[in-house]
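A.B. asks: What follows is query33.txt, compact mmCIF, C-alpha atoms.
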```txt
# COMPACT_ATOMS: atom_id res chain seq x y z
CA MET A 250 108.84 -11.47 -26.86
CA LYS A 251 105.55 -10.93 -28.73
CA ARG A 252 106.77 -13.18 -31.56
CA ILE A 253 107.60 -15.95 -29.06
CA ILE A 254 104.19 -15.65 -27.43
CA PHE A 255 102.49 -15.71 -30.84
CA THR A 256 104.45 -18.81 -31.88
CA ALA A 257 103.63 -20.61 -28.63
CA GLY A 258 99.98 -19.70 -29.05
CA LEU A 259 99.95 -20.97 -32.62
CA LEU A 260 101.53 -24.23 -31.49
CA PHE A 261 98.86 -24.65 -28.80
CA VAL A 262 96.06 -24.03 -31.31
CA THR A 263 97.64 -26.51 -33.73
CA ILE A 264 97.79 -29.19 -31.02
CA ILE A 265 94.14 -28.65 -30.14
CA MET A 266 93.04 -28.70 -33.80
CA PHE A 267 94.72 -32.02 -34.45
CA ALA A 268 94.07 -33.66 -31.09
CA GLN A 269 92.04 -36.86 -31.33
CA LYS A 270 91.58 -40.23 -29.75
CA PHE A 271 93.85 -43.11 -30.64
CA GLU A 272 92.31 -45.23 -33.36
CA ASN A 273 92.35 -49.01 -33.77
CA LEU A 274 92.15 -49.64 -30.02
CA VAL A 275 89.64 -52.21 -28.73
CA LEU A 276 88.14 -53.09 -32.10
CA THR A 277 86.40 -55.78 -30.08
CA PRO A 278 85.12 -55.10 -26.55
CA PRO A 279 87.90 -54.90 -23.93
CA MET A 280 88.24 -57.83 -21.53
CA GLY A 281 89.87 -57.72 -18.12
CA TRP A 282 89.42 -57.29 -14.37
CA ASN A 283 88.70 -54.27 -12.16
CA SER A 284 89.29 -54.01 -8.42
CA TRP A 285 86.13 -52.12 -7.40
CA ASN A 286 83.33 -54.69 -7.20
CA LYS A 287 85.29 -57.02 -4.92
CA TYR A 288 87.66 -54.77 -3.00
CA GLY A 289 86.37 -51.19 -3.18
CA CYS A 290 88.98 -48.97 -1.52
CA GLU A 291 90.69 -51.89 0.19
CA ILE A 292 93.29 -52.37 -2.53
CA ASP A 293 97.05 -52.60 -2.52
CA GLU A 294 100.01 -53.68 -4.59
CA GLN A 295 99.84 -57.31 -3.46
CA ILE A 296 96.16 -57.68 -4.37
CA ILE A 297 96.87 -56.44 -7.89
CA LYS A 298 99.76 -58.90 -8.24
CA ASP A 299 97.59 -61.69 -6.87
CA MET A 300 94.87 -60.95 -9.42
CA CYS A 301 97.48 -61.03 -12.18
CA HIS A 302 98.51 -64.44 -10.93
CA GLY A 303 94.88 -65.53 -10.79
CA MET A 304 94.28 -64.35 -14.33
CA VAL A 305 97.20 -66.44 -15.54
CA ILE A 306 96.76 -69.69 -13.62
CA SER A 307 93.00 -69.79 -14.19
CA GLY A 308 93.52 -69.67 -17.96
CA LEU A 309 91.47 -66.48 -18.26
CA ARG A 310 94.38 -64.63 -19.84
CA ASP A 311 94.58 -67.28 -22.52
CA VAL A 312 90.92 -66.85 -23.54
CA GLY A 313 91.25 -63.09 -23.99
CA TYR A 314 91.15 -61.25 -20.66
CA GLU A 315 94.07 -58.82 -20.64
CA TYR A 316 93.50 -55.66 -18.55
CA ILE A 317 94.12 -55.46 -14.81
CA ILE A 318 92.51 -52.19 -13.70
CA ILE A 319 93.15 -50.39 -10.41
CA ASP A 320 90.02 -48.47 -9.47
CA ASP A 321 89.68 -45.60 -6.95
CA CYS A 322 91.80 -45.09 -3.80
CA TRP A 323 95.35 -45.56 -5.14
CA ALA A 324 96.31 -41.85 -4.85
CA VAL A 325 96.55 -39.68 -1.73
CA ASP A 326 97.58 -36.14 -2.72
CA ARG A 327 99.61 -33.94 -5.08
CA ASP A 328 103.11 -32.59 -4.49
CA LYS A 329 104.07 -28.91 -4.69
CA ASN A 330 104.36 -29.19 -8.47
CA GLY A 331 100.93 -30.73 -8.83
CA ASN A 332 102.15 -34.26 -9.56
CA ILE A 333 99.87 -37.03 -8.35
CA ILE A 334 101.17 -38.93 -5.30
CA VAL A 335 100.65 -42.69 -5.07
CA ASP A 336 99.67 -44.07 -1.65
CA PRO A 337 103.10 -45.19 -0.33
CA LYS A 338 101.59 -47.68 2.13
CA LYS A 339 99.40 -49.44 -0.40
CA PHE A 340 101.77 -49.24 -3.36
CA PRO A 341 105.30 -49.03 -1.91
CA SER A 342 106.95 -49.98 -5.22
CA GLY A 343 105.02 -47.34 -7.19
CA ILE A 344 102.74 -47.73 -10.19
CA LYS A 345 105.51 -47.80 -12.79
CA SER A 346 107.07 -50.83 -11.14
CA LEU A 347 103.66 -52.47 -10.87
CA ALA A 348 103.00 -51.82 -14.56
CA GLU A 349 106.28 -53.54 -15.41
CA TYR A 350 105.22 -56.56 -13.36
CA VAL A 351 101.79 -56.70 -15.00
CA HIS A 352 103.35 -56.46 -18.45
CA SER A 353 105.77 -59.26 -17.56
CA GLN A 354 102.73 -61.51 -17.04
CA GLY A 355 101.46 -60.83 -20.53
CA LEU A 356 98.77 -58.46 -19.24
CA LYS A 357 98.08 -54.71 -19.36
CA LEU A 358 97.56 -52.24 -16.51
CA GLY A 359 94.65 -49.85 -16.11
CA ILE A 360 94.19 -47.02 -13.63
CA TYR A 361 91.42 -44.72 -12.41
CA SER A 362 90.89 -40.98 -12.18
CA CYS A 363 88.04 -38.49 -12.24
CA ALA A 364 87.06 -35.39 -14.21
CA GLY A 365 86.17 -33.52 -11.02
CA ASP A 366 88.26 -31.95 -8.27
CA LYS A 367 88.04 -35.19 -6.31
CA THR A 368 87.39 -38.81 -7.11
CA CYS A 369 84.24 -40.48 -5.84
CA ASN A 370 86.13 -41.45 -2.68
CA LYS A 371 87.59 -37.96 -2.25
CA ARG A 372 91.06 -38.68 -3.56
CA PRO A 373 92.66 -36.08 -5.88
CA GLY A 374 90.81 -35.77 -9.20
CA SER A 375 92.29 -34.66 -12.52
CA ARG A 376 90.44 -31.37 -13.01
CA GLY A 377 93.05 -28.78 -13.97
CA HIS A 378 95.76 -31.46 -14.14
CA GLU A 379 94.59 -33.41 -17.19
CA TYR A 380 97.73 -32.99 -19.32
CA GLN A 381 100.00 -33.47 -16.31
CA ASP A 382 98.26 -36.67 -15.27
CA ALA A 383 98.15 -38.02 -18.81
CA ARG A 384 101.91 -37.56 -19.14
CA THR A 385 102.37 -39.31 -15.79
CA TYR A 386 100.22 -42.28 -16.82
CA ALA A 387 102.09 -42.58 -20.11
CA ALA A 388 105.44 -42.50 -18.30
CA TRP A 389 104.25 -45.21 -15.92
CA GLY A 390 103.24 -47.49 -18.81
CA ILE A 391 99.49 -47.36 -18.23
CA ASP A 392 97.32 -49.02 -20.91
CA TYR A 393 93.76 -48.16 -19.81
CA LEU A 394 92.17 -45.21 -18.01
CA LYS A 395 88.77 -45.37 -16.30
CA TYR A 396 87.67 -41.74 -15.94
CA ASP A 397 84.84 -41.00 -13.48
CA TRP A 398 82.41 -38.09 -13.04
CA CYS A 399 82.22 -37.26 -9.30
CA TYR A 400 82.63 -33.76 -7.80
CA HIS A 401 82.39 -32.16 -11.24
CA GLY A 402 80.43 -29.11 -10.13
CA LYS A 403 79.01 -27.28 -13.14
CA LEU A 404 81.42 -28.79 -15.65
CA ASN A 405 80.10 -29.84 -19.05
CA ALA A 406 80.45 -33.61 -19.40
CA GLU A 407 81.35 -33.80 -23.07
CA ALA A 408 83.89 -30.96 -22.78
CA SER A 409 85.47 -32.47 -19.65
CA PHE A 410 86.02 -35.88 -21.19
CA LEU A 411 87.21 -34.24 -24.40
CA THR A 412 89.94 -32.44 -22.44
CA MET A 413 91.27 -35.72 -21.07
CA ARG A 414 91.03 -37.33 -24.50
CA ASP A 415 93.24 -34.57 -25.91
CA ALA A 416 95.63 -34.89 -22.98
CA LEU A 417 96.02 -38.64 -23.52
CA TYR A 418 96.67 -38.12 -27.21
CA ALA A 419 99.25 -35.40 -26.51
CA ALA A 420 101.03 -37.73 -24.05
CA GLY A 421 101.70 -40.05 -26.97
CA ARG A 422 100.95 -43.46 -25.45
CA PRO A 423 97.88 -45.32 -26.79
CA ILE A 424 95.68 -45.67 -23.70
CA VAL A 425 92.16 -47.09 -23.81
CA PHE A 426 89.84 -44.35 -22.55
CA SER A 427 86.85 -45.54 -20.51
CA ILE A 428 84.24 -42.81 -19.95
CA CYS A 429 82.46 -43.41 -16.63
CA GLU A 430 79.74 -40.74 -16.81
CA TRP A 431 76.84 -43.05 -15.75
CA GLY A 432 74.65 -42.22 -18.76
CA ASP A 433 73.30 -38.95 -17.37
CA ASN A 434 74.29 -36.92 -20.43
CA LYS A 435 73.66 -39.63 -23.04
CA PRO A 436 77.34 -40.38 -23.73
CA TRP A 437 76.37 -42.92 -26.40
CA LYS A 438 75.62 -39.90 -28.62
CA TRP A 439 79.06 -38.28 -28.27
CA GLY A 440 81.31 -40.85 -26.64
CA ASN A 441 82.60 -42.46 -29.82
CA LYS A 442 84.54 -39.37 -30.89
CA ILE A 443 86.10 -39.08 -27.42
CA GLY A 444 86.56 -42.47 -25.82
CA ASN A 445 86.62 -46.20 -26.46
CA LEU A 446 83.77 -47.15 -24.13
CA TRP A 447 81.19 -45.25 -22.11
CA ARG A 448 79.07 -46.22 -19.14
CA THR A 449 75.37 -46.21 -19.90
CA THR A 450 73.89 -46.44 -16.37
CA TRP A 451 74.58 -46.11 -12.67
CA ASP A 452 76.65 -48.77 -10.91
CA ILE A 453 75.82 -52.46 -11.06
CA ARG A 454 75.05 -54.51 -7.92
CA PRO A 455 75.44 -58.29 -7.39
CA CYS A 456 71.77 -59.04 -7.99
CA SER A 457 69.43 -59.57 -10.92
CA ASN A 458 66.43 -57.32 -10.42
CA CYS A 459 67.06 -54.71 -7.73
CA VAL A 460 67.42 -50.96 -7.25
CA THR A 461 69.11 -49.39 -4.21
CA LYS A 462 67.24 -46.76 -2.19
CA THR A 463 69.23 -43.97 -3.83
CA GLY A 464 68.58 -45.37 -7.29
CA GLN A 465 72.33 -45.37 -7.92
CA GLY A 466 72.76 -49.14 -7.76
CA LEU A 467 71.04 -51.48 -10.21
CA GLY A 468 70.73 -55.19 -10.81
CA TRP A 469 71.86 -56.50 -14.16
CA ILE A 470 68.29 -57.00 -15.45
CA ASN A 471 67.51 -53.37 -14.60
CA ILE A 472 70.64 -52.32 -16.49
CA LEU A 473 69.76 -54.58 -19.42
CA GLU A 474 66.41 -52.87 -19.80
CA LYS A 475 68.14 -49.49 -20.18
CA GLN A 476 70.22 -50.84 -23.08
CA VAL A 477 67.17 -51.56 -25.26
CA PRO A 478 66.94 -48.15 -27.02
CA ILE A 479 70.70 -47.58 -27.43
CA THR A 480 72.18 -50.80 -28.80
CA SER A 481 72.80 -49.27 -32.24
CA TYR A 482 75.38 -46.83 -30.83
CA SER A 483 77.89 -49.58 -30.00
CA GLY A 484 80.51 -50.94 -32.40
CA PRO A 485 84.21 -51.52 -33.14
CA GLY A 486 86.38 -48.99 -31.31
CA GLY A 487 83.48 -47.49 -29.31
CA TRP A 488 81.35 -49.58 -26.97
CA ASN A 489 78.29 -49.12 -24.80
CA ASP A 490 79.41 -50.14 -21.30
CA PRO A 491 76.64 -51.52 -19.02
CA ASP A 492 79.23 -51.75 -16.20
CA MET A 493 81.40 -54.52 -14.84
CA LEU A 494 80.38 -58.13 -14.31
CA GLU A 495 79.16 -59.40 -10.94
CA VAL A 496 79.63 -63.08 -11.77
CA GLY A 497 81.32 -64.82 -8.83
CA ASN A 498 80.48 -62.20 -6.21
CA GLY A 499 77.67 -64.13 -4.49
CA ASN A 500 73.98 -63.28 -4.06
CA MET A 501 72.98 -64.78 -7.42
CA THR A 502 72.15 -68.32 -8.47
CA TYR A 503 74.09 -70.18 -11.11
CA ASN A 504 71.29 -69.56 -13.64
CA GLU A 505 71.29 -65.85 -12.87
CA GLU A 506 75.05 -65.56 -13.27
CA LYS A 507 74.94 -67.57 -16.50
CA ALA A 508 72.20 -65.29 -17.84
CA HIS A 509 74.05 -62.15 -16.73
CA PHE A 510 77.22 -63.19 -18.55
CA THR A 511 75.27 -64.30 -21.61
CA MET A 512 73.49 -60.99 -22.00
CA TRP A 513 76.70 -58.98 -21.64
CA CYS A 514 78.16 -61.11 -24.46
CA MET A 515 75.03 -60.57 -26.54
CA LEU A 516 75.35 -56.80 -26.05
CA SER A 517 79.00 -56.83 -27.19
CA ALA A 518 79.72 -55.32 -23.78
CA PRO A 519 83.18 -54.93 -22.27
CA LEU A 520 83.82 -58.05 -20.18
CA ILE A 521 85.42 -56.58 -17.07
CA LEU A 522 85.45 -59.09 -14.21
CA GLY A 523 84.98 -57.99 -10.62
CA ASN A 524 85.45 -61.15 -8.56
CA ASP A 525 88.34 -62.73 -6.66
CA LEU A 526 90.32 -64.55 -9.36
CA LEU A 527 92.10 -66.73 -6.80
CA ASP A 528 88.90 -67.90 -5.12
CA MET A 529 86.46 -68.96 -7.82
CA SER A 530 84.13 -71.93 -7.92
CA ASP A 531 84.38 -74.24 -10.91
CA GLU A 532 80.95 -72.99 -12.00
CA THR A 533 82.12 -69.36 -11.97
CA LEU A 534 85.28 -70.16 -13.92
CA ASN A 535 83.32 -72.22 -16.45
CA ILE A 536 80.99 -69.28 -17.06
CA LEU A 537 83.73 -66.69 -17.42
CA SER A 538 85.96 -68.83 -19.63
CA ASP A 539 83.35 -70.28 -22.01
CA GLU A 540 84.91 -69.71 -25.42
CA ASP A 541 81.62 -69.95 -27.31
CA LEU A 542 80.26 -67.07 -25.23
CA ILE A 543 83.47 -65.06 -25.51
CA ASN A 544 83.45 -65.54 -29.28
CA ILE A 545 79.94 -64.10 -29.40
CA ASP A 546 81.08 -61.06 -27.43
CA GLN A 547 84.23 -60.69 -29.50
CA ASP A 548 82.64 -61.28 -32.90
CA PRO A 549 84.44 -59.01 -35.40
CA LEU A 550 81.21 -57.50 -36.74
CA GLY A 551 80.88 -55.83 -33.33
CA LYS A 552 77.10 -55.67 -33.51
CA SER A 553 75.09 -55.45 -30.32
CA ALA A 554 72.01 -57.61 -29.92
CA PHE A 555 68.59 -56.04 -30.15
CA ARG A 556 65.43 -57.16 -28.39
CA TYR A 557 63.16 -58.63 -31.04
CA VAL A 558 60.10 -59.42 -28.93
CA THR A 559 58.95 -60.33 -25.42
CA ILE A 560 56.68 -63.36 -25.03
CA ASP A 561 55.07 -63.92 -21.62
CA GLY A 562 58.07 -62.63 -19.69
CA ILE A 563 60.65 -64.17 -22.04
CA ASP A 564 62.83 -61.70 -23.94
CA VAL A 565 64.07 -62.73 -27.38
CA TRP A 566 67.37 -61.04 -28.23
CA VAL A 567 69.08 -61.32 -31.63
CA LYS A 568 72.72 -60.64 -32.50
CA GLU A 569 74.12 -60.88 -36.02
CA LEU A 570 77.46 -62.67 -36.24
CA LYS A 571 80.07 -62.95 -38.94
CA GLY A 572 79.52 -65.67 -41.53
CA ASP A 573 75.73 -65.46 -41.94
CA ARG A 574 75.17 -66.65 -38.36
CA TYR A 575 73.01 -65.33 -35.53
CA ALA A 576 73.12 -65.65 -31.77
CA ILE A 577 69.60 -65.88 -30.31
CA ALA A 578 69.04 -65.55 -26.56
CA PHE A 579 65.74 -66.40 -24.88
CA LEU A 580 65.82 -64.85 -21.40
CA ASN A 581 63.24 -65.81 -18.80
CA LYS A 582 63.04 -62.71 -16.58
CA LYS A 583 60.42 -64.22 -14.28
CA ASP A 584 61.14 -65.45 -10.76
CA ASP A 585 59.26 -68.63 -11.63
CA PRO A 586 59.73 -71.42 -14.18
CA ASN A 587 58.35 -70.64 -17.62
CA GLU A 588 57.63 -72.36 -20.92
CA LEU A 589 58.23 -71.22 -24.48
CA PHE A 590 56.72 -72.22 -27.81
CA PHE A 591 58.39 -70.46 -30.75
CA ASP A 592 57.48 -71.39 -34.33
CA TRP A 593 60.23 -70.18 -36.65
CA LYS A 594 58.09 -70.69 -39.76
CA TRP A 595 55.13 -68.82 -38.35
CA ARG A 596 57.31 -65.75 -38.03
CA ARG A 597 57.62 -65.34 -41.79
CA LYS A 598 59.24 -61.93 -41.52
CA CYS A 599 61.92 -63.55 -39.49
CA PHE A 600 64.36 -61.33 -37.62
CA PHE A 601 67.33 -63.12 -39.20
CA SER A 602 66.14 -63.00 -42.83
CA PRO A 603 67.07 -59.83 -44.76
CA HIS A 604 64.18 -60.35 -47.20
CA GLY A 605 61.51 -61.32 -44.70
CA ASP A 606 61.17 -64.86 -46.05
CA TYR A 607 61.61 -68.05 -44.06
CA GLU A 608 64.98 -69.74 -44.40
CA GLU A 609 66.13 -72.91 -42.68
CA TYR A 610 68.91 -72.65 -40.10
CA SER A 611 70.69 -75.25 -38.00
CA ILE A 612 70.52 -74.70 -34.23
CA TYR A 613 73.37 -75.11 -31.74
CA ASN A 614 72.66 -74.89 -28.01
CA VAL A 615 75.64 -72.92 -26.69
CA TRP A 616 75.42 -73.69 -22.97
CA GLU A 617 74.53 -77.35 -23.40
CA LYS A 618 77.05 -77.81 -26.25
CA ARG A 619 74.69 -79.78 -28.44
CA ASN A 620 72.84 -79.51 -31.74
CA MET A 621 69.07 -78.96 -31.57
CA GLY A 622 68.02 -79.75 -35.12
CA THR A 623 66.87 -76.93 -37.39
CA THR A 624 64.30 -74.16 -37.58
CA GLU A 625 62.00 -76.60 -39.46
CA THR A 626 60.77 -77.68 -36.03
CA PRO A 627 59.12 -75.23 -33.60
CA LEU A 628 61.14 -74.52 -30.47
CA LYS A 629 59.73 -75.83 -27.19
CA TYR A 630 61.67 -75.19 -24.00
CA LYS A 631 61.06 -75.28 -20.25
CA PHE A 632 62.90 -72.57 -18.34
CA LYS A 633 63.89 -72.45 -14.71
CA GLU A 634 63.52 -69.13 -12.91
CA ARG A 635 65.70 -66.39 -14.49
CA ASP A 636 67.14 -68.95 -16.86
CA ILE A 637 68.47 -68.42 -20.37
CA LEU A 638 68.62 -70.39 -23.60
CA LEU A 639 71.36 -69.33 -26.00
CA MET A 640 71.59 -70.65 -29.53
CA ILE A 641 73.70 -70.03 -32.60
CA LEU A 642 71.80 -70.27 -35.86
CA GLU A 643 73.65 -70.98 -39.09
CA LYS A 644 72.12 -71.12 -42.57
CA LYS A 645 71.77 -74.66 -43.93
```
What is this structure when it is put down as C-alpha cells?
C.D. replies:
Amino acid sequence: MKRIIFTAGLLFVTIIMFAQKFENLVLTPPMGWNSWNKYGCEIDEQIIKDMCHGMVISGLRDVGYEYIIIDDCWAVDRDKNGNIIVDPKKFPSGIKSLAEYVHSQGLKLGIYSCAGDKTCNKRPGSRGHEYQDARTYAAWGIDYLKYDWCYHGKLNAEASFLTMRDALYAAGRPIVFSICEWGDNKPWKWGNKIGNLWRTTWDIRPCSNCVTKTGQGLGWINILEKQVPITSYSGPGGWNDPDMLEVGNGNMTYNEEKAHFTMWCMLSAPLILGNDLLDMSDETLNILSDEDLINIDQDPLGKSAFRYVTIDGIDVWVKELKGDRYAIAFLNKKDDPNELFFDWKWRRKCFFSPHGDYEEYSIYNVWEKRNMGTTETPLKYKFKERDILLMILEKK
C-alpha cells in the first residue's frame, strides 16, 4: 500500500513539474465575439447560434474573427459528483452539441468560468474543481476559456490562475486561456507564463471618456490611458487585454467608434466583439471588417503601439510593423474640433528612425484609403471631436 501511495505521489509531482501552458496558440491577438456586452445574463442556445450565423453572413469570419464565447450565466449548479450542470432551459441541447454546431460553421467555441467559489453572477465557480472542469471543457470541445476573478476570498491571483493553467494542460486539449483579473495584481508581469491574454483594467462601458460611480466601469479612452506604461508586456502568444469592443452598442458617435477600434488595433489588442451581429449598421460593419485595420492588429511582429507624444490634446501613437513600416495614429481626445501641425523633418530624432536621423517615408491614409504624399511635407490636419487620423508609413 505504501509503495502505491508513493508511486501515485511521485506521478502527481511529475505532472505538476511538467505542467505548462499550450504554446503556439494565438500568435496574433485572438479575434471573436463575446455575449456579455450585449446580452449579459440573458443568453441561450439560440442566441449563440444566431451570432454564429451573423459572423458568417456578415463576412466577419472571413476576415479573421473565429471565437464565439459564452460569458457568465450558462451554468446553474453541480451534481453529486461535482460535475458542472448546464442550464437545461437555456441550453437544452448541452454545450457539447453547441460546440459541434459552432465548429460546423468554421468557428470555435469559448466558455466562461471563475477562480472563486462563485462567478460574478453567483453561478458555480471553479475553485476546488479546476481539474474536473478542465476535463469537462476538453470533452465538450471548448477552444477558449475566459476565467474571471469574483468571490475569490483571500486567494492569491497568480497561484489561482496557475492552477487552472495546469488543469487545462493536463486535460490535453489546447484551449486559449483568457485571464480576467482586471489588472489589480499586475497580471502583465506574470500572465505570459500562465495564460494567452490578461485583462489590464476593470470592465469597459459603451462610452469614450467616462467612469461609473463605483469606478468599475470605464470608457475606452480611460482604459487607453492605463495601457501607456504597460505596452511592452504584450506580444505573440501573450497579449495585454484592454477588454472587449463596444463598437455597435450605441452611445458613441461614428468617429468615437472608429477611434476606439483603431486604438485597439494599434495596441495589438484582442478584437472581441460585443454587439448584435445580426443587427449592425453598415458603418459598424465597415469599421469591424476593415482589413487594413485588422492587418495592423494582426501584424506578425506583434508589437503594441507606444505613445510618442501628446500635442495640444492630440496623442501620437506609433506601432512598428513588419517590412520596415509603421502605423501612426493621431488621436484627438478633445470634445471639440482640433488642428494639428506636425513637421516630420523638425523631429530629427524621429520615432521611426533607429539611428535618430530623418528618413523619407510615403504616407497612406488608412481610413480614407488614399495616399498623402511623403514625410517631406509637414502634416496639417483638421480633426473633428474625438476623431482619429491613422496612417501607414513605408520607407521610400
A.B. asks: Identify which of the residues A:Glu540, A:Asp382, A:Asp564, A:Asp433 lies closest to A:Glu474, counting only C-alpha atoms when measuring atom-to-atom distances.
C.D. replies: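 So, comparing all the options, the nearest one is A:Asp564.
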A.B. asks: Which residues of stretch 409-494 of chain A sit at most 10 Å from stretch 567-591 of chain A, using all atoms listed in the file? Give each one's shortest atom pair and distance in Å (one decimal place), in chain and ascending residue order, as CSV.
C.D. replies:
```
residue,atom,partner,partner_atom,distance
A:Ser457,CA,A:Lys582,CA,9.1
A:Asn458,CA,A:Lys582,CA,8.9
A:Ile470,CA,A:Lys582,CA,7.8
```
A.B. asks: Just to be explicit: take each residue in the selection above, keep C-alpha atoms, and write the result as a PDB file, in the frame of the given file.
C.D. replies:
```
ATOM      1  CA  SER A 457      69.430 -59.570 -10.920  1.00  0.00           C
ATOM      2  CA  ASN A 458      66.430 -57.320 -10.420  1.00  0.00           C
ATOM      3  CA  ILE A 470      68.290 -57.000 -15.450  1.00  0.00           C
TER       4      ILE A 470
END
```
A.B. asks: When you look at A:Cys322 with a cut-off of 9 Å (counting all atoms listed in the file), what residues show up, excluding the ones that are within fewer than 6 positions of it in the same chain? I need them as a PyMOL selection string.
C.D. replies: chain A and resi 289-292+336+361+368+370-372
A.B. asks: Which neighbours of A:Lys442 fall inside 12 Å, counting only C-alpha atoms, when residues of the same chain fewer than 6 positions from it are skipped, and could you give them as an MDAnalysis selection string?
C.D. replies: chainID A and resid 268:272 407:408 410:411 414:415 426 428 436 482 486:488
A.B. asks: Closest to A:Ser409 among A:Gly421, A:Trp389, A:His378, A:Ser284, using all atoms listed in the file?
C.D. replies: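 Of A:Gly421, A:Trp389, A:His378, A:Ser284, the one nearest A:Ser409, counting all atoms listed in the file, is A:His378.
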A.B. asks: To one decimal place, how far is atom CA of A:Gly355 from atom CA of A:Trp447 in Å?
C.D. replies: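 Computing the Euclidean distance for atom CA of A:Gly355 and atom CA of A:Trp447 yields 25.6 Å.
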A.B. asks: If I take atom CA of A:Leu638 and atom CA of A:Tyr607, how far is one from the other in Å, to one decimal?
C.D. replies: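 Distance reported for this atom pair: 21.8 Å.
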A.B. asks: Calculated over all atoms listed in the file, which of the candidates A:Ile560, A:Leu417, A:Ala324, A:Ile612 has the smallest distance to A:Lys645?
C.D. replies: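 Counting all atoms listed in the file, the residue closest to A:Lys645 is A:Ile612.
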A.B. asks: Name the closest residue to A:Gly303 among the candidates A:Asp326, A:Glu349, A:Asp525, A:Glu430; distances are taken between atoms, counting only C-alpha atoms.
C.D. replies: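 Smallest distance to A:Gly303 is found for A:Asp525.
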A.B. asks: Would you work out the distance separating atom CA of A:Asn489 from atom CA of A:Leu446, expressed in Å to one decimal?
C.D. replies: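 Between these atoms lies a distance of 5.9 Å.
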A.B. asks: Between A:Ser517, A:Gln381, A:Asn500, A:Ser427, which has the minimum distance to A:Gly359 (counting only C-alpha atoms)?
C.D. replies: A:Ser427
A.B. asks: For A:Ile360, list every protein, DNA or RNA residue within 6 Å, evaluated using only C-alpha atoms, and leave out those in the same chain fewer than 4 positions away; present the list as an NGL selection string.
C.D. replies: :A and (318-319 or 394)
A.B. asks: Write out as a count of residues only the residues lying within 12 Å of A:Met280, counting all atoms listed in the file and excluding same-chain residues fewer than 5 positions away.
C.D. replies: 37
A.B. asks: Using all atoms listed in the file, which residue out of A:Pro627, A:Gly444, A:Gly466, A:Gly390 lies closest to A:Ala420?
C.D. replies: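 Counting all atoms listed in the file, the residue closest to A:Ala420 is A:Gly390.
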A.B. asks: Can you tell me, as JSON, numbers by chain, what residues are no more than 9 Å from A:Ala388 when counting only C-alpha atoms, ignoring any on the same chain fewer than 5 positions away?
C.D. replies: {"A": [345, 383, 420, 422]}
